[in-house]
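The file structure15.txt contains compact mmCIF, C-alpha atoms and all ligand atoms:
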```txt
# COMPACT_ATOMS: atom_id res chain seq x y z
CA MET A 54 0.00 0.00 0.00
CA LEU A 55 2.72 2.49 1.04
CA LYS A 56 4.80 1.55 -1.93
CA TRP A 57 1.83 2.08 -4.21
CA LEU A 58 1.17 5.58 -2.74
CA PHE A 59 4.79 6.69 -3.02
CA GLY A 60 4.89 5.27 -6.48
CA GLN A 61 1.99 7.54 -7.49
CA LYS A 62 3.77 10.60 -6.06
CA THR A 63 6.94 9.81 -7.93
CA ASP A 64 5.12 9.50 -11.17
CA GLY A 65 3.40 12.88 -10.54
CA ALA A 66 6.68 14.65 -9.72
CA SER A 67 8.17 13.45 -12.92
CA GLY A 68 5.78 15.36 -15.13
CA GLY A 69 2.18 15.17 -13.98
CA ASN A 70 0.93 14.68 -17.48
CA GLY A 71 1.20 10.97 -17.31
CA GLY A 72 4.10 10.97 -19.70
CA GLY A 73 7.29 11.78 -17.78
CA GLY A 74 10.68 11.32 -19.21
CA ASN A 75 9.96 13.57 -22.20
CA GLY A 76 13.22 15.41 -21.68
CA ALA A 77 11.77 18.57 -20.01
CA THR A 78 12.34 17.47 -16.32
CA PRO A 79 15.00 14.99 -15.20
CA LYS A 80 13.38 11.93 -13.67
CA LYS A 81 13.78 11.78 -9.83
CA PRO A 82 14.82 8.45 -8.39
CA ALA A 83 12.00 6.69 -6.55
CA PRO A 84 12.14 7.43 -2.79
CA VAL A 85 13.45 4.59 -0.68
CA VAL A 86 10.79 3.60 1.81
CA LEU A 87 10.14 0.77 4.23
CA ASN A 88 8.42 -1.77 2.10
CA LEU A 89 6.53 -3.63 4.78
CA THR A 90 4.26 -6.64 4.96
CA PRO A 91 3.04 -8.35 8.14
CA GLU A 92 5.85 -10.85 7.67
CA THR A 93 8.69 -8.40 7.04
CA VAL A 94 8.02 -5.62 9.57
CA VAL A 95 9.88 -7.63 12.20
CA ASP A 96 13.07 -7.61 10.11
CA ALA A 97 12.86 -3.83 9.69
CA VAL A 98 12.66 -3.46 13.48
CA LEU A 99 15.52 -5.91 14.10
CA GLU A 100 17.64 -4.06 11.55
CA GLN A 101 17.16 -0.76 13.43
CA MET A 102 17.79 -2.39 16.82
CA SER A 103 20.98 -4.09 15.63
CA THR A 104 23.01 -1.09 16.80
CA THR A 105 22.37 -1.96 20.49
CA PRO A 106 25.94 -2.09 21.84
CA ASP A 107 25.52 -4.55 24.74
CA PRO A 108 25.45 -8.05 23.11
CA ARG A 109 23.31 -9.67 25.84
CA MET A 110 20.82 -6.77 25.77
CA ARG A 111 20.73 -7.04 21.99
CA GLN A 112 20.03 -10.78 22.14
CA ILE A 113 17.24 -10.39 24.73
CA GLN A 114 15.55 -7.47 22.96
CA GLU A 115 15.79 -9.05 19.51
CA SER A 116 14.27 -12.28 20.74
CA ALA A 117 11.49 -10.45 22.61
CA VAL A 118 10.58 -8.50 19.45
CA ARG A 119 10.68 -11.61 17.28
CA HIS A 120 8.35 -13.49 19.64
CA LEU A 121 6.01 -10.53 20.11
CA HIS A 122 5.57 -10.18 16.36
CA ALA A 123 5.08 -13.93 15.95
CA PHE A 124 2.42 -13.84 18.67
CA ALA A 125 0.53 -10.93 17.06
CA ARG A 126 0.63 -12.67 13.67
CA GLU A 127 -0.45 -16.01 15.16
CA VAL A 128 -3.59 -14.59 16.79
CA ASN A 129 -4.16 -11.97 14.07
CA LEU A 130 -4.24 -9.26 16.77
CA THR A 131 -6.74 -6.47 16.01
CA PRO A 132 -6.15 -2.78 16.92
CA GLY A 133 -8.91 -3.03 19.55
CA GLU A 134 -7.32 -6.07 21.17
CA TRP A 135 -3.89 -4.42 21.06
CA LEU A 136 -5.36 -1.41 22.90
CA GLN A 137 -6.98 -3.68 25.49
CA GLY A 138 -3.53 -5.14 26.17
CA ILE A 139 -2.04 -1.65 26.54
CA GLU A 140 -4.83 -0.69 28.96
CA PHE A 141 -4.21 -3.83 31.01
CA MET A 142 -0.46 -3.18 31.27
CA THR A 143 -1.18 0.45 32.22
CA LYS A 144 -3.39 -0.72 35.10
CA VAL A 145 -0.68 -3.17 36.20
CA GLY A 146 1.84 -0.32 36.33
CA LYS A 147 -0.48 2.11 38.08
CA ILE A 148 -1.19 -0.18 41.04
CA CYS A 149 2.50 -0.80 41.80
CA THR A 150 3.91 0.72 45.01
CA PRO A 151 7.01 -0.12 47.09
CA GLU A 152 4.82 -2.68 48.89
CA ARG A 153 2.97 -4.05 45.88
CA GLN A 154 4.56 -5.29 42.67
CA GLU A 155 1.77 -6.21 40.27
CA PHE A 156 4.23 -6.92 37.45
CA ILE A 157 5.82 -9.70 39.54
CA LEU A 158 2.35 -11.02 40.29
CA LEU A 159 1.60 -11.02 36.56
CA SER A 160 4.87 -12.83 35.86
CA ASP A 161 3.98 -15.32 38.63
CA THR A 162 0.47 -16.06 37.37
CA VAL A 163 1.64 -16.74 33.81
CA GLY A 164 4.40 -19.05 35.07
CA LEU A 165 7.26 -16.84 33.91
CA SER A 166 8.74 -16.51 37.42
CA ALA A 167 8.60 -20.29 37.86
CA LEU A 168 10.29 -20.81 34.49
CA VAL A 169 13.11 -18.37 35.30
CA ASN A 170 13.65 -20.10 38.67
CA LEU A 171 13.67 -23.58 37.14
CA MET A 172 16.23 -22.53 34.55
CA HIS A 173 18.30 -20.84 37.27
CA ASP A 174 18.35 -24.07 39.32
CA LYS A 175 19.99 -25.85 36.39
CA THR A 176 22.92 -23.43 36.46
CA ALA A 177 23.96 -24.36 40.02
CA LEU A 178 27.48 -25.77 40.38
CA GLU A 179 26.16 -28.58 42.59
CA ILE A 180 22.87 -30.32 43.32
CA ALA A 181 21.12 -28.38 46.05
CA THR A 182 17.61 -27.99 47.48
CA ASP A 183 15.14 -26.93 44.77
CA THR A 184 14.20 -23.29 44.74
CA SER A 185 10.72 -21.81 44.86
CA LEU A 186 9.23 -18.37 44.41
CA LEU A 187 10.33 -15.55 46.68
CA GLY A 188 6.86 -14.05 46.22
CA PRO A 189 5.78 -10.47 46.87
CA PHE A 190 5.82 -10.61 50.67
CA PHE A 191 9.54 -10.87 51.30
CA ARG A 192 10.95 -8.01 53.39
CA GLU A 193 14.52 -7.02 54.14
CA ASN A 194 15.77 -6.91 57.76
CA PRO A 195 13.28 -9.11 59.60
CA PRO A 196 13.79 -9.62 63.38
CA ARG A 197 16.50 -12.01 64.55
CA TYR A 198 15.60 -14.82 66.93
CA PRO A 199 17.59 -17.20 69.13
CA PRO A 200 17.23 -20.96 68.46
CA GLY A 201 13.66 -22.12 69.21
CA GLY A 202 12.21 -18.59 69.07
CA GLN A 203 8.54 -18.12 68.10
CA ILE A 204 8.13 -15.80 65.11
CA CYS A 205 4.34 -15.26 65.40
CA LYS A 206 2.54 -12.96 67.81
CA ASP A 207 -0.72 -14.96 67.77
CA ILE A 208 -0.25 -18.64 68.60
CA SER A 209 -3.81 -19.21 69.82
CA LYS A 210 -4.54 -21.68 67.00
CA GLY A 211 -1.49 -23.85 67.76
CA GLU A 212 2.21 -23.92 67.05
CA LEU A 213 4.50 -25.71 64.61
CA ALA A 214 8.17 -26.56 65.12
CA ILE A 215 10.61 -26.59 62.23
CA TYR A 216 14.07 -27.96 62.60
CA GLY A 217 16.90 -29.53 60.65
CA ARG A 218 20.31 -28.76 59.25
CA VAL A 219 21.80 -26.49 56.65
CA MET A 220 24.53 -28.29 54.70
CA ASP A 221 26.73 -27.82 51.69
CA ALA A 222 26.15 -30.03 48.64
CA LYS A 223 28.48 -32.72 50.03
CA GLY A 224 26.51 -32.91 53.28
CA ASN A 225 28.94 -30.98 55.48
CA PRO A 226 27.14 -28.84 58.08
CA LEU A 227 27.24 -25.08 57.53
CA ALA A 228 27.74 -23.33 60.86
CA GLY A 229 26.57 -19.71 61.10
CA ALA A 230 24.24 -20.00 58.09
CA GLU A 231 21.29 -17.60 58.14
CA VAL A 232 17.82 -19.13 57.90
CA GLY A 233 15.19 -16.53 57.06
CA ILE A 234 11.54 -17.55 57.21
CA TRP A 235 8.30 -15.70 56.40
CA GLN A 236 4.72 -16.90 56.06
CA THR A 237 1.06 -16.16 56.64
CA ALA A 238 0.15 -15.60 60.30
CA SER A 239 -2.72 -17.49 61.97
CA ASP A 240 -5.25 -15.11 60.33
CA GLY A 241 -4.06 -16.44 56.96
CA LEU A 242 -2.47 -13.13 55.95
CA TYR A 243 1.07 -11.79 55.61
CA ASP A 244 1.98 -8.90 57.94
CA ILE A 245 2.21 -6.56 54.91
CA GLN A 246 -1.49 -7.24 54.28
CA SER A 247 -2.79 -7.06 57.84
CA MET A 248 -0.46 -4.53 59.51
CA PRO A 249 -0.36 -1.37 57.40
CA ASN A 250 1.82 0.45 59.97
CA GLY A 251 4.85 -1.57 58.84
CA GLU A 252 4.98 -3.85 61.91
CA MET A 253 6.60 -7.24 61.25
CA ASP A 254 5.06 -10.56 62.22
CA ALA A 255 5.42 -14.20 61.17
CA ARG A 256 8.92 -13.64 59.84
CA GLY A 257 12.41 -13.85 61.29
CA VAL A 258 16.02 -14.93 60.86
CA PHE A 259 17.78 -17.74 62.75
CA THR A 260 21.45 -18.72 62.74
CA THR A 261 22.67 -22.31 62.58
CA ASP A 262 24.86 -23.70 65.39
CA ALA A 263 28.27 -25.37 65.01
CA GLY A 264 26.57 -28.52 63.67
CA GLY A 265 24.57 -26.57 61.07
CA ASN A 266 21.36 -27.06 63.09
CA TYR A 267 18.44 -24.65 63.17
CA LEU A 268 15.27 -24.76 65.26
CA LEU A 269 12.28 -22.44 65.19
CA ARG A 270 8.67 -22.13 66.27
CA THR A 271 5.91 -20.77 64.14
CA VAL A 272 2.23 -21.47 63.40
CA MET A 273 0.69 -23.64 60.70
CA PRO A 274 0.52 -21.75 57.41
CA LEU A 275 -2.84 -21.73 55.61
CA ASP A 276 -3.94 -22.00 51.98
CA TYR A 277 -4.47 -18.47 50.84
CA SER A 278 -5.47 -16.32 47.89
CA ILE A 279 -3.02 -14.22 45.89
CA PRO A 280 -3.98 -10.50 45.90
CA MET A 281 -7.12 -10.48 43.70
CA ASP A 282 -8.12 -6.80 43.98
CA GLY A 283 -5.98 -5.58 41.06
CA PRO A 284 -5.75 -6.13 37.30
CA VAL A 285 -3.96 -9.48 37.70
CA GLY A 286 -6.76 -10.71 39.98
CA ALA A 287 -9.28 -9.59 37.34
CA MET A 288 -7.34 -11.55 34.73
CA VAL A 289 -7.23 -14.67 36.94
CA ARG A 290 -11.00 -14.42 37.57
CA MET A 291 -11.69 -13.88 33.87
CA GLN A 292 -9.76 -17.11 33.20
CA LYS A 293 -11.99 -18.88 35.79
CA ARG A 294 -8.98 -19.82 37.97
CA HIS A 295 -9.29 -20.04 41.76
CA GLY A 296 -6.38 -17.69 42.60
CA MET A 297 -5.23 -19.85 45.54
CA ARG A 298 -1.78 -20.88 46.71
CA PRO A 299 -1.10 -24.01 48.80
CA ALA A 300 -0.14 -23.37 52.44
CA HIS A 301 3.60 -22.73 52.55
CA LEU A 302 6.57 -21.43 54.49
CA HIS A 303 9.14 -19.28 52.67
CA PHE A 304 12.87 -19.62 53.33
CA LEU A 305 15.86 -17.53 52.33
CA ILE A 306 19.06 -19.32 53.36
CA SER A 307 22.56 -17.98 53.00
CA ALA A 308 26.08 -18.91 54.04
CA PRO A 309 29.44 -17.47 52.97
CA GLY A 310 30.66 -18.91 49.66
CA GLN A 311 27.33 -20.65 48.94
CA ARG A 312 24.63 -19.81 46.39
CA GLU A 313 21.76 -18.13 48.21
CA LEU A 314 18.78 -20.47 48.45
CA VAL A 315 15.28 -19.04 47.97
CA THR A 316 12.78 -21.78 48.58
CA ALA A 317 9.52 -22.76 50.27
CA LEU A 318 8.02 -25.78 51.98
CA TYR A 319 4.47 -26.72 51.00
CA MET A 320 2.10 -28.44 53.43
CA SER A 321 1.20 -31.96 52.31
CA ASP A 322 -2.48 -31.63 53.27
CA SER A 323 -3.10 -28.53 51.14
CA ASN A 324 -5.89 -28.57 48.58
CA TYR A 325 -3.90 -26.57 46.05
CA LEU A 326 -0.57 -28.38 45.67
CA ALA A 327 -1.38 -29.42 42.10
CA THR A 328 -3.06 -26.17 41.04
CA ASP A 329 -0.95 -23.43 42.66
CA THR A 330 -1.95 -20.21 40.85
CA VAL A 331 1.68 -19.07 40.67
CA PHE A 332 3.26 -22.48 39.91
CA GLY A 333 5.54 -22.42 42.98
CA SER A 334 4.72 -25.92 44.28
CA SER A 335 6.50 -27.66 41.43
CA SER A 336 8.78 -30.04 43.34
CA VAL A 337 7.68 -33.02 45.42
CA ASP A 338 10.91 -32.57 47.39
CA LEU A 339 9.49 -29.34 48.83
CA VAL A 340 6.38 -30.95 50.33
CA ALA A 341 6.46 -31.13 54.14
CA ASP A 342 4.36 -33.40 56.32
CA PRO A 343 4.14 -32.20 59.95
CA ILE A 344 4.51 -35.04 62.48
CA THR A 345 2.52 -34.89 65.72
CA ASN A 346 4.88 -36.51 68.20
CA ASP A 347 8.26 -36.37 66.56
CA PRO A 348 10.67 -37.94 69.09
CA ASN A 349 13.65 -36.27 67.39
CA CYS A 350 12.34 -32.73 67.58
CA PRO A 351 13.94 -30.74 70.42
CA LEU A 352 10.59 -28.95 70.96
CA LYS A 353 8.01 -31.30 72.48
CA GLY A 354 4.21 -31.25 72.40
CA ILE A 355 3.73 -29.47 69.07
CA PRO A 356 3.69 -30.81 65.51
CA ALA A 357 7.07 -30.69 63.82
CA VAL A 358 8.59 -30.57 60.37
CA ARG A 359 12.17 -31.72 59.90
CA TYR A 360 13.83 -30.35 56.81
CA ASP A 361 17.50 -30.33 55.84
CA PHE A 362 18.53 -27.70 53.31
CA LYS A 363 21.43 -28.18 50.91
CA LEU A 364 23.26 -25.24 49.35
CA SER A 365 25.42 -25.26 46.24
CA ARG A 366 28.82 -23.58 46.05
CA MET A 367 28.53 -20.04 44.71
CA SER A 368 29.75 -19.51 41.14
CA GLU A 369 31.11 -16.28 39.62
CA ALA A 370 27.83 -15.88 37.74
CA ASP A 371 25.87 -16.24 41.01
CA MET A 372 27.63 -13.16 42.35
CA LYS A 373 26.09 -10.96 39.66
CA GLY A 374 23.03 -13.02 38.70
CA GLY A 375 20.57 -11.56 41.17
CA ARG A 376 18.21 -13.18 43.62
CA VAL A 377 15.61 -15.76 42.59
CA GLY A 378 12.65 -13.40 42.88
CA SER A 379 12.75 -9.85 44.04
CA ASP A 380 12.05 -7.58 46.95
CA PRO A 381 9.34 -5.21 45.60
CA GLY A 382 10.76 -2.36 47.68
CA ALA A 383 14.15 -2.75 45.97
CA ILE A 384 12.67 -2.46 42.47
CA LEU A 385 11.34 1.05 42.95
CA LYS A 386 14.54 2.21 44.64
CA ASN A 387 16.37 2.09 41.30
C1 LIG A 401 3.35 -15.98 47.92
O1 LIG A 401 4.24 -16.78 48.02
O2 LIG A 401 2.79 -15.67 48.92
C2 LIG A 401 2.97 -15.44 46.59
C3 LIG A 401 3.78 -15.72 45.51
C4 LIG A 401 3.45 -15.22 44.29
C5 LIG A 401 2.33 -14.43 44.13
C6 LIG A 401 1.53 -14.14 45.21
C7 LIG A 401 1.85 -14.66 46.46
FE FE A 402 3.90 -16.85 50.12
```
Re-express the file's structure as structure tokens.
Ligand code: BEZ
Ligand code: FE
Amino acid sequence: MLKWLFGQKTDGASGGNGGGGNGATPKKPAPVVLNLTPETVVDAVLEQMSTTPDPRMRQIQESAVRHLHAFAREVNLTPGEWLQGIEFMTKVGKICTPERQEFILLSDTVGLSALVNLMHDKTALEIATDTSLLGPFFRENPPRYPPGGQICKDISKGELAIYGRVMDAKGNPLAGAEVGIWQTASDGLYDIQSMPNGEMDARGVFTTDAGGNYLLRTVMPLDYSIPMDGPVGAMVRMQKRHGMRPAHLHFLISAPGQRELVTALYMSDSNYLATDTVFGSSSVDLVADPITNDPNCPLKGIPAVRYDFKLSRMSEADMKGGRVGSDPGAILKN
């Protein structure tokens, strides 16, 4: 179409009487234009973007454009549908705050976060505990507790003990490792959701002893819904999904020289293990089954989960690769 239009203009400029080339006016060369079809527009874009100096950036951006174009062609995207997508992404951006990262939630609900984590696991130097989503409720600088400390203010519905060891990939205990835990409190909510004044609850950090042992008290986590009051919730509802996550405990475990482990333990009796809305419960190795009278647990009279965590040696790439997941507060700082 464009070519046809420009072609007409060229012909006009060369005489206007339909003849042209009669010797009176020298013939102008035809203007060079983008000669685009739905199939070739992608190459025109890639050609312009090929000047991106950073090779990794270039690779990522080129691939994203190629796939975006292929997607639009595959579904024959209409202008109205394209605008709907733009409106959706605008709503996702508008609802983001330092406490709420709707883009991460979007990434989670379409399985992109899980995919990135699964690929990251494969780059570990050694076989370690599987990772799981950091999720949007991680917070920096939680309170520190001594061994056996209770991280929840309300224990009226019963307690849960968690204990075990933190080891390197060969099974050697890691003394002085930090075991961070966060979860829903007994009301089924994270502190960020129920305590708007910034108070912390149901989260803490413990340090392993000389034998790599950790021991903590908490409450039983509950199945709970991802935040459904924003555009991602609307999308999940429109897709007729339940929006639930299986009951889980988050862990962030670190030790000098070891790859940081971001993981979670999922409760075996949850109704949503196989249909987690954010695809975090993807490993059977991360399913925990609390035992009522565990003779080996140092804390008596409460159900207990024993779990040993294994860390992989840190690689050079790990040092600059970033955390598996992200602290929403850190994103807006940059
Ligand atoms: C969570 O672990 O709590 C979570 C993870 C992803 C999205 C929403 C919640
Ligand atoms: Fe969570």
Could you report the residues within 6 Å of ligand LIG 401 (chain A), using all atoms listed in the file, as JSON, numbers by chain?
{"A": [158, 161, 188, 189, 279, 331]}
Enumerate residues in contact with ligand FE 402 (chain A): an atom-to-atom distance of at most 12 Å, counting all atoms listed in the file. Format the result as JSON, numbers by chain.
{"A": [158, 161, 185, 186, 187, 188, 189, 190, 191, 192, 234, 235, 236, 237, 238, 241, 242, 243, 244, 245, 246, 255, 256, 274, 275, 276, 277, 278, 279, 280, 297, 298, 299, 300, 301, 302, 303, 304, 315, 316, 317, 318, 319, 329, 330, 331, 332, 333, 334, 378]}
Using all atoms listed in the file, which of the listed residues (A:Val85, A:Met248, A:Val169, A:Leu339) sits closest to Tyr360 of chain A?
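Nearest to Tyr360 of chain A: A:Leu339.
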Could you pull the residues within 9 Å of Thr261 of chain A, counting all atoms listed in the file, minus those fewer than 5 positions along the same chain, as a count of residues only?
12
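In terms of minimum interatomic distance to Glu212 of chain A, A:Arg270 ranks closest within A:Arg126, A:Lys175, A:Arg270, A:Lys80, counting all atoms listed in the file.
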Would you compute, for all listed atoms of segment 128-141 of chain A, the axis-aligned bounding box grown by 5 Å on each side, and then report its centre and edge lengths in Å rounded to one decimal, as lines of an AutoDock Vina configuration file?
```
center_x = -5.5
center_y = -7.6
center_z = 22.5
size_x = 16.9
size_y = 23.9
size_z = 26.9
```
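With atom CA of Val272 of chain A on one side and atom CA of Ile208 of chain A on the other, the separation reads 6.4 Å.
Between atom CA of Ile157 of chain A and atom CA of Met281 of chain A the interatomic distance comes to 13.6 Å.
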Take atom CA of Glu152 of chain A and atom CA of Val285 of chain A and report the distance between them in Å, one decimal.
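Computing the Euclidean distance for atom CA of Glu152 of chain A and atom CA of Val285 of chain A yields 15.8 Å.
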Selected residue of minimal separation from Thr271 of chain A among A:Leu130, A:Ala341, A:Val358, A:Leu178, counting all atoms listed in the file:
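For Thr271 of chain A, the nearest of the candidates is A:Val358.
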Close residues, Arg312 of chain A itself excluded, 8 Å, only C-alpha atoms, min 4 positions apart in chain, as an MDAnalysis selection string
chainID A and resid 177 307:308 364:368 371
Restricted to C-alpha atoms, what would the selected residues look like written as a JSON list (two decimals), keeping the file's coordinate frame?
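Contents of out-v2.json, as written:
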```json
[["chain", "number", "residue", "atom", "x", "y", "z"],
["A", 177, "ALA", "CA", 23.96, -24.36, 40.02],
["A", 307, "SER", "CA", 22.56, -17.98, 53.00],
["A", 308, "ALA", "CA", 26.08, -18.91, 54.04],
["A", 364, "LEU", "CA", 23.26, -25.24, 49.35],
["A", 365, "SER", "CA", 25.42, -25.26, 46.24],
["A", 366, "ARG", "CA", 28.82, -23.58, 46.05],
["A", 367, "MET", "CA", 28.53, -20.04, 44.71],
["A", 368, "SER", "CA", 29.75, -19.51, 41.14],
["A", 371, "ASP", "CA", 25.87, -16.24, 41.01]]
```
Export segment 175-253 of chain A, C-alpha atoms, as a compact mmCIF listing (two decimals), in the first residue's frame; it's the structure right above.
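After the write, out04.txt holds the following:
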```txt
# COMPACT_ATOMS: atom_id res chain seq x y z
CA LYS A 175 19.99 -25.85 36.39
CA THR A 176 22.92 -23.43 36.46
CA ALA A 177 23.96 -24.36 40.02
CA LEU A 178 27.48 -25.77 40.38
CA GLU A 179 26.16 -28.58 42.59
CA ILE A 180 22.87 -30.32 43.32
CA ALA A 181 21.12 -28.38 46.05
CA THR A 182 17.61 -27.99 47.48
CA ASP A 183 15.14 -26.93 44.77
CA THR A 184 14.20 -23.29 44.74
CA SER A 185 10.72 -21.81 44.86
CA LEU A 186 9.23 -18.37 44.41
CA LEU A 187 10.33 -15.55 46.68
CA GLY A 188 6.86 -14.05 46.22
CA PRO A 189 5.78 -10.47 46.87
CA PHE A 190 5.82 -10.61 50.67
CA PHE A 191 9.54 -10.87 51.30
CA ARG A 192 10.95 -8.01 53.39
CA GLU A 193 14.52 -7.02 54.14
CA ASN A 194 15.77 -6.91 57.76
CA PRO A 195 13.28 -9.11 59.60
CA PRO A 196 13.79 -9.62 63.38
CA ARG A 197 16.50 -12.01 64.55
CA TYR A 198 15.60 -14.82 66.93
CA PRO A 199 17.59 -17.20 69.13
CA PRO A 200 17.23 -20.96 68.46
CA GLY A 201 13.66 -22.12 69.21
CA GLY A 202 12.21 -18.59 69.07
CA GLN A 203 8.54 -18.12 68.10
CA ILE A 204 8.13 -15.80 65.11
CA CYS A 205 4.34 -15.26 65.40
CA LYS A 206 2.54 -12.96 67.81
CA ASP A 207 -0.72 -14.96 67.77
CA ILE A 208 -0.25 -18.64 68.60
CA SER A 209 -3.81 -19.21 69.82
CA LYS A 210 -4.54 -21.68 67.00
CA GLY A 211 -1.49 -23.85 67.76
CA GLU A 212 2.21 -23.92 67.05
CA LEU A 213 4.50 -25.71 64.61
CA ALA A 214 8.17 -26.56 65.12
CA ILE A 215 10.61 -26.59 62.23
CA TYR A 216 14.07 -27.96 62.60
CA GLY A 217 16.90 -29.53 60.65
CA ARG A 218 20.31 -28.76 59.25
CA VAL A 219 21.80 -26.49 56.65
CA MET A 220 24.53 -28.29 54.70
CA ASP A 221 26.73 -27.82 51.69
CA ALA A 222 26.15 -30.03 48.64
CA LYS A 223 28.48 -32.72 50.03
CA GLY A 224 26.51 -32.91 53.28
CA ASN A 225 28.94 -30.98 55.48
CA PRO A 226 27.14 -28.84 58.08
CA LEU A 227 27.24 -25.08 57.53
CA ALA A 228 27.74 -23.33 60.86
CA GLY A 229 26.57 -19.71 61.10
CA ALA A 230 24.24 -20.00 58.09
CA GLU A 231 21.29 -17.60 58.14
CA VAL A 232 17.82 -19.13 57.90
CA GLY A 233 15.19 -16.53 57.06
CA ILE A 234 11.54 -17.55 57.21
CA TRP A 235 8.30 -15.70 56.40
CA GLN A 236 4.72 -16.90 56.06
CA THR A 237 1.06 -16.16 56.64
CA ALA A 238 0.15 -15.60 60.30
CA SER A 239 -2.72 -17.49 61.97
CA ASP A 240 -5.25 -15.11 60.33
CA GLY A 241 -4.06 -16.44 56.96
CA LEU A 242 -2.47 -13.13 55.95
CA TYR A 243 1.07 -11.79 55.61
CA ASP A 244 1.98 -8.90 57.94
CA ILE A 245 2.21 -6.56 54.91
CA GLN A 246 -1.49 -7.24 54.28
CA SER A 247 -2.79 -7.06 57.84
CA MET A 248 -0.46 -4.53 59.51
CA PRO A 249 -0.36 -1.37 57.40
CA ASN A 250 1.82 0.45 59.97
CA GLY A 251 4.85 -1.57 58.84
CA GLU A 252 4.98 -3.85 61.91
CA MET A 253 6.60 -7.24 61.25
```
